[in-house]
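Read through the structure below, which is laid out as C-alpha cells, and then see the notes.
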Amino acid sequence: IKKSKRVFTPMSQRKDKISAAVFLFQNHPLTISQVVKLTKASKKTVEDIFAKTYTKIDEITPKDPVSCGLCTSAALNEELAKIKKHDRN
C-alpha cells in the first residue's frame with residue numbers, strides 16, 4: 001500500500017485556493033471535480049463554496065488561479081476545452 005505524501009501549503013496559498021475556487025465558479029462553467037483538480041483544494045471545501053454554505057463566503061474576494069500560481073493557463077484551457085467538447089455532443 002502506497003501512502004500519499006502530504007505537501008505543506010503556506011497560509012497565504014490556503015486562502016488563495018478558496019479565492020480561486022470562487023473565481024472559477026463565477027467565471028467558468030466548471031464542475032466541482034474540475035475545480036478541485038485545478039485549485040488543489042479539498043472536495044468538501046469546493047462543494048461548500050459551490051453550495052454557498054462556506055463560512056464567510058461573502059467576504060472572499062475572487063482571484064484568478066493562474067495569477068495566484070495554483071494552476072497553469074494551459075491546464076485551465078484544457079478543462080474549458082473538455083466542457084466545450086462535451087457541450088457540442
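Residue numbering restarts at 1 for every chain of the C-alpha cells, chains are lettered A, B, ... in their displayed order, and ligands are numbered from 1 as they appear.
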Point to revise | Selection near region 28-34 of chain A, 8 Å with only C-alpha atoms, sequence-local residues under 6 positions removed, as a PyMOL selection string | key: chain A and resi 43+46-47+50+79-80+83
Since we have the selection now, will you write its residues out, keeping C-alpha atoms, as an mmCIF file, in the first residue's frame?
```cif
data_model
loop_
_atom_site.group_PDB
_atom_site.id
_atom_site.type_symbol
_atom_site.label_atom_id
_atom_site.label_comp_id
_atom_site.auth_asym_id
_atom_site.auth_seq_id
_atom_site.Cartn_x
_atom_site.Cartn_y
_atom_site.Cartn_z
ATOM 1 C CA LYS A 43 -13.585 18.407 -2.295
ATOM 2 C CA VAL A 46 -15.200 23.265 -3.021
ATOM 3 C CA GLU A 47 -18.646 21.704 -2.502
ATOM 4 C CA PHE A 50 -20.423 25.788 -4.785
ATOM 5 C CA GLU A 79 -10.551 21.865 -18.631
ATOM 6 C CA LEU A 80 -12.558 24.505 -20.507
ATOM 7 C CA ILE A 83 -16.583 21.363 -21.375
#
```
Practice item. Enumerate the residues of chain A with a DSSP assignment of helix (DSSP H, G or I), computed from the backbone, and present them as a count of residues only. Key: 56
Practice item. Considering only C-alpha atoms, return as a PyMOL selection string whatever protein or nucleic-acid residues lie within 7 Å of Ala20 (chain A), sequence-local ones (same chain, fewer than 2 positions apart) excluded. Key: chain A and resi 16-18+22-24+39+62-65
**Study point:** Length of the CA of Thr45 (chain A) to CA of Thr72 (chain A) vector [Å]
**Key:**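 Spanning CA of Thr45 (chain A) to CA of Thr72 (chain A) is a straight-line distance of 21.1 Å.
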Check your understanding: Pick the closest to Asp48 (chain A) from A:Cys71, A:Ala21, A:Leu76, A:Met11: which is it, counting only C-alpha atoms?
Key ->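 Smallest separation from Asp48 (chain A) among the options: A:Ala21.
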Check your understanding: A:Ala75, A:Lys40, A:Arg6, A:Phe25: which is nearest Lys52 (chain A), counting only C-alpha atoms?
Key ->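 Looking at the shortest contact to Lys52 (chain A), the residue is A:Phe25.
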Review point. CA of Cys68 (chain A) and CA of Ser12 (chain A) are how many Å apart?
Key: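 Value for the CA of Cys68 (chain A)-CA of Ser12 (chain A) distance: 10.0 Å.
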